[in-house]
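So this block is query_18.cif, mmCIF, C-alpha atoms:
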```
data_query
#
loop_
_atom_site.label_atom_id
_atom_site.label_comp_id
_atom_site.auth_asym_id
_atom_site.auth_seq_id
_atom_site.Cartn_x
_atom_site.Cartn_y
_atom_site.Cartn_z
CA MET F 233 -33.86 242.02 136.46
CA GLN F 234 -31.66 243.82 134.00
CA ASP F 235 -28.26 242.60 133.00
CA TYR F 236 -26.15 245.72 133.48
CA SER F 237 -22.73 245.90 132.00
CA PHE F 238 -20.45 246.91 134.84
CA ASN F 239 -18.11 249.02 132.71
CA GLU F 240 -20.84 250.79 130.81
CA TYR F 241 -22.86 251.89 133.84
CA PHE F 242 -20.18 252.14 136.46
CA ASP F 243 -20.19 255.97 136.57
CA ARG F 244 -23.95 256.09 137.05
CA PHE F 245 -24.07 253.79 140.06
CA PRO F 246 -24.61 255.55 143.40
CA VAL F 247 -21.76 255.22 145.86
CA ALA F 248 -21.84 252.86 148.85
CA MET F 249 -24.35 250.49 147.24
CA ALA F 250 -23.46 246.87 146.61
CA TYR F 251 -24.25 245.03 143.40
CA VAL F 252 -24.16 241.33 142.66
CA PRO F 253 -22.83 240.27 139.25
CA TRP F 254 -25.42 238.40 137.18
CA GLN F 255 -25.11 234.62 137.14
CA HIS F 256 -24.98 232.90 133.77
CA LEU F 257 -25.66 229.19 133.42
CA THR F 258 -22.45 227.43 132.47
CA ASN F 259 -22.76 223.86 133.64
CA ILE F 260 -23.77 221.94 136.71
CA PHE F 261 -21.70 219.54 138.79
CA GLU F 262 -21.32 216.21 137.04
CA ASN F 263 -21.24 214.44 140.37
CA LEU F 264 -24.52 215.44 142.03
CA ASP F 265 -23.55 213.81 145.32
CA GLU F 266 -20.67 216.27 145.41
CA ALA F 267 -23.07 219.15 144.61
CA TYR F 268 -25.35 218.04 147.47
CA HIS F 269 -22.33 217.97 149.77
CA VAL F 270 -20.99 221.44 148.85
CA GLY F 271 -24.48 222.98 148.83
CA THR F 272 -24.85 224.12 145.22
CA ILE F 273 -25.22 222.52 141.81
CA PHE F 274 -23.38 225.43 140.18
CA PRO F 275 -19.58 225.01 140.29
CA GLU F 276 -19.08 228.80 140.05
CA LEU F 277 -21.07 229.27 143.28
CA GLU F 278 -18.98 226.88 145.35
CA LYS F 279 -17.52 229.29 147.88
CA PRO F 280 -16.39 227.41 150.96
CA PHE F 281 -16.05 229.50 154.13
CA THR F 282 -12.69 228.90 155.70
CA GLY F 283 -12.76 231.66 158.33
CA ARG F 284 -9.32 232.81 157.26
CA ARG F 285 -7.37 233.83 154.24
CA CYS F 286 -6.76 231.20 151.62
CA VAL F 287 -3.30 230.50 150.35
CA LYS F 288 -3.00 228.67 147.08
CA MET T 226 -19.01 210.35 155.13
CA ASN T 227 -19.42 206.91 156.62
CA ASN T 228 -18.61 203.83 154.64
CA ARG T 229 -21.40 201.70 156.03
CA MET T 230 -23.29 199.99 153.23
CA LYS T 231 -26.62 201.69 152.65
CA SER T 232 -29.72 199.55 152.37
CA GLU T 233 -31.65 199.80 149.13
CA ARG T 234 -34.24 201.94 150.90
CA GLU T 235 -31.60 204.29 152.33
CA GLN T 236 -29.93 204.59 148.93
CA LEU T 237 -33.20 205.48 147.18
CA PHE T 238 -34.04 207.95 149.94
CA HIS T 239 -30.62 209.56 149.56
CA ASP T 240 -31.03 209.77 145.78
CA ILE T 241 -34.41 211.46 146.23
CA GLY T 242 -32.73 214.01 148.51
CA VAL T 243 -30.07 214.74 145.88
CA ILE T 244 -32.57 214.98 143.01
CA SER T 245 -34.88 217.22 145.03
CA PHE T 246 -31.93 219.46 145.82
CA VAL T 247 -31.16 219.84 142.10
CA VAL T 248 -34.83 220.68 141.45
CA THR T 249 -34.79 223.39 144.15
CA GLU T 250 -31.54 224.86 142.82
CA MET T 251 -32.88 225.04 139.25
CA ASN T 252 -36.17 226.43 140.56
CA GLU T 253 -34.32 229.27 142.27
CA TYR T 254 -32.13 229.92 139.23
CA LEU T 255 -35.21 230.13 136.99
CA ASP T 256 -36.89 232.57 139.38
CA THR T 257 -34.29 235.14 138.30
CA HIS T 258 -33.69 233.78 134.76
CA PRO T 259 -37.22 232.95 133.58
CA THR T 260 -36.36 232.75 129.88
CA ASP T 261 -33.35 230.43 130.16
CA LYS T 262 -34.36 227.46 128.00
CA GLU T 263 -31.43 225.27 128.97
CA ALA T 264 -32.27 225.70 132.65
CA MET T 265 -35.91 224.84 131.94
CA GLU T 266 -34.80 221.64 130.22
CA TYR T 267 -32.63 220.78 133.22
CA LEU T 268 -35.55 221.44 135.55
CA ASN T 269 -37.99 219.33 133.55
CA HIS T 270 -35.50 216.50 133.38
CA TYR T 271 -34.94 216.42 137.13
CA VAL T 272 -38.61 216.93 137.98
CA ARG T 273 -39.41 213.83 135.93
CA MET T 274 -36.63 211.93 137.67
CA GLN T 275 -37.92 213.13 141.05
CA ASN T 276 -41.48 212.00 140.30
CA GLN T 277 -40.23 208.61 139.14
CA ALA T 278 -38.11 208.09 142.26
CA MET T 279 -40.92 209.30 144.54
CA ARG T 280 -43.34 206.84 142.91
CA GLU T 281 -40.87 204.01 143.25
CA TYR T 282 -40.27 204.81 146.91
CA ALA T 283 -44.01 205.05 147.57
CA MET T 284 -44.60 201.68 145.95
CA LYS T 285 -41.83 199.91 147.83
CA TYR T 286 -41.81 201.59 151.25
CA GLY T 287 -44.58 204.16 151.58
CA PRO T 288 -45.20 207.68 150.31
CA LEU T 289 -42.91 210.63 151.07
CA ARG T 290 -45.46 213.09 149.67
CA ILE T 291 -49.19 212.74 150.09
CA SER T 292 -49.58 213.03 146.31
CA ASP T 293 -47.84 209.64 145.97
CA ALA T 294 -50.11 207.90 148.47
CA ASP T 295 -52.15 206.37 145.65
CA GLY T 296 -49.02 204.60 144.41
CA CYS T 297 -49.07 202.24 147.38
CA ASN T 298 -51.04 199.08 146.82
CA GLN T 299 -51.02 198.17 150.48
CA ASN T 300 -53.95 197.34 152.65
CA GLU T 301 -52.90 199.93 155.17
CA TRP T 302 -52.39 203.70 155.26
CA LYS T 303 -48.57 203.67 154.93
CA TRP T 304 -48.42 207.44 155.34
CA ALA T 305 -49.20 206.94 159.03
CA THR T 306 -47.71 203.50 159.71
CA GLN T 307 -44.22 203.91 158.24
CA PRO T 308 -41.62 205.32 160.65
CA TRP T 309 -41.71 209.11 161.15
CA PRO T 310 -38.47 211.05 160.67
CA TRP T 311 -37.97 211.21 164.45
CA GLU T 312 -38.39 207.44 164.61
CA GLY T 313 -35.50 206.89 162.25
CA GLY T 314 -37.63 207.07 159.12
CA CYS T 315 -34.95 208.97 157.23
#
```
Let me see the structure of the file written as structure tokens.
Amino acid sequence: MQDYSFNEYFDRFPVAMAYVPWQHLTNIFENLDEAYHVGTIFPELEKPFTGRRCVK
Amino acid sequence: MNNRMKSEREQLFHDIGVISFVVTEMNEYLDTHPTDKEAMEYLNHYVRMQNQAMREYAMKYGPLRISDADGCNQNEWKWATQPWPWEGGC
């Protein structure tokens, strides 16, 4: 449960292993109906699956 | 999203779903961030709201959790007589 700094420890990580960046609480959706609809109360975790590349 | 007007019961049931979802999300966040005070405050706030809404629902329509069954001042066991989910109870 340690909060590794990516830059500091990068060289010591074994290859081919995946790491998930640590989540920090920022805020939660103001509109909770919207949160319920998108499936998370954390705006930074809203990652809709589109099945294709996204173009902004 | 349909635009049909929800009945008061449906609206309260929906709100309980949303509040319970927030509680679960905060619960999971705290599992990996057990010393985050702000998250604990959020959790406590929504747990209180959830309990309040659950009590209100139990009083008006019947309990959604067995722990709220004592909040129903009916002469019948609403837990069993209210519609089940597969009978359109939610």
Please enumerate the residues selected by the PyMOL selection byres ((chain T) within 8 of (chain F)) when evaluated against the supplied file, formatted as a VMD selection string. chain T and resid 243 246 to 247 250 257 264
Translate the PyMOL selection byres ((chain T and resi 248) around 10) into a concrete residue list for this structure, as a PyMOL selection string. (chain F and resi 273) or (chain T and resi 242-247+249-254+267-275)
Tell me which of T:Asp293, T:Gly313, T:Asn276, T:Asp261 sits closest to T:Glu235, counting all atoms listed in the file.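 Nearest candidate to T:Glu235 out of T:Asp293, T:Gly313, T:Asn276, T:Asp261: T:Gly313.
Distance-wise, atom CA of F:Thr282 and atom CA of T:Asp240 end up 28.3 Å apart.
With atom CA of T:Gln236 on one side and atom CA of T:Pro308 on the other, the separation reads 16.6 Å.
The interatomic distance for the pair atom CA of T:Ala278 and atom CA of T:Leu237 works out to 7.4 Å.
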Name the residues, using the chain letters and numbers of the file, that sit within 10 Å of (-42.5, 211.9, 150.1) when counting only C-alpha atoms, and give them as a list of chain:residue names. T:Phe238, T:Ile241, T:Asn276, T:Ala278, T:Met279, T:Arg280, T:Tyr282, T:Ala283, T:Gly287, T:Pro288, T:Leu289, T:Arg290, T:Ile291, T:Ser292, T:Asp293, T:Ala294, T:Trp304
